[in-house]
Amino acid sequence: AALAVPKTAVFPYEEGDAVWVVEEDKVRLQFVEQGFASAYDVVIKSGLQPGDLVIINADQPELEEGLKVKPVF
C-alpha cells in the first residue's frame, strides 16, 4: 500500500525534501523521499510511517523544530 500526503505538506530542504510531523505535541522536521505525484498528492517512498501526524500546510513561517502544537483532526 502506498502512503500519500497532500502536496502542500512537502517542501524542499537542503538537498532533499521534508515534511513537518507532530510527535509528542512538538513539531519535528522529517526528511522524505517522494514518489509519484498527482495534482494534489505525493506518494512518500520513505521517511514516513502509517499513522504519522503530518502538518498539511508546510508553508507557515512560524513552523520550526520543537514548536509546541496541539493536533486538530
# chains A, B, ... in the order shown; residues from 1 in each chain; ligands from 1
>>> residues_around(residues="Trp20 in chain A", least_positions_apart="2", cutoff="8 Å", atoms="only C-alpha atoms", output="CSV table (one decimal) with N, CA, C and O atoms, in the first residue's frame")
chain,number,residue,atom,x,y,z
A,9,ALA,N,2.1,19.6,2.0
A,9,ALA,CA,2.9,19.1,3.2
A,9,ALA,C,4.4,19.0,2.9
A,9,ALA,O,5.2,19.0,3.8
A,18,ALA,N,11.3,17.4,2.6
A,18,ALA,CA,10.9,17.2,4.0
A,18,ALA,C,9.4,17.5,4.2
A,18,ALA,O,8.8,18.1,3.4
A,22,VAL,N,4.3,15.9,13.7
A,22,VAL,CA,4.0,16.2,15.1
A,22,VAL,C,4.2,14.9,15.9
A,22,VAL,O,3.6,13.9,15.6
A,27,VAL,N,6.7,19.9,17.0
A,27,VAL,CA,6.9,19.8,15.5
A,27,VAL,C,8.4,19.3,15.3
A,27,VAL,O,9.3,19.7,16.0
A,28,ARG,N,8.5,18.4,14.4
A,28,ARG,CA,9.8,17.8,14.0
A,28,ARG,C,9.9,17.7,12.5
A,28,ARG,O,9.0,17.4,11.8
A,29,LEU,N,11.1,18.1,12.0
A,29,LEU,CA,11.4,18.0,10.6
A,29,LEU,C,11.7,16.6,10.3
A,29,LEU,O,12.5,15.9,11.0
A,30,GLN,N,11.1,16.1,9.2
A,30,GLN,CA,11.3,14.7,8.8
A,30,GLN,C,11.7,14.7,7.3
A,30,GLN,O,10.9,15.1,6.5
A,54,VAL,N,1.2,14.5,10.1
A,54,VAL,CA,1.9,15.4,9.2
A,54,VAL,C,1.1,16.8,9.1
A,54,VAL,O,-0.1,16.8,9.0
A,55,ILE,N,1.8,17.9,9.2
A,55,ILE,CA,1.2,19.2,9.0
A,55,ILE,C,1.0,19.4,7.5
A,55,ILE,O,2.0,19.3,6.8
A,58,ALA,N,2.7,23.2,5.0
A,58,ALA,CA,4.0,23.4,5.5
A,58,ALA,C,4.5,24.8,5.3
A,58,ALA,O,5.5,25.2,5.9
>>> residues_around(residues="Phe31 in chain A", least_positions_apart="4", cutoff="9 Å", atoms="only C-alpha atoms", output="list in words")
Tyr13, Gly16, Asp17, Ala18, Val19, Trp20, Ser46, Gly47 and Leu48 of chain A
>>> closest_residue(among="A:Ala39, A:Glu33, A:Asn57, A:Lys70", to="Leu3 in chain A", atoms="only C-alpha atoms")
A:Glu33
>>> closest_residue(among="A:Pro50, A:Asp25, A:Gly35, A:Ile56", to="Lys7 in chain A", atoms="only C-alpha atoms")
A:Ile56
>>> residues_around(residues="Val69 in chain A", least_positions_apart="2", cutoff="10 Å", atoms="only C-alpha atoms", output="NGL selection string")
:A and (22-27 or 63 or 66-67 or 71-72)
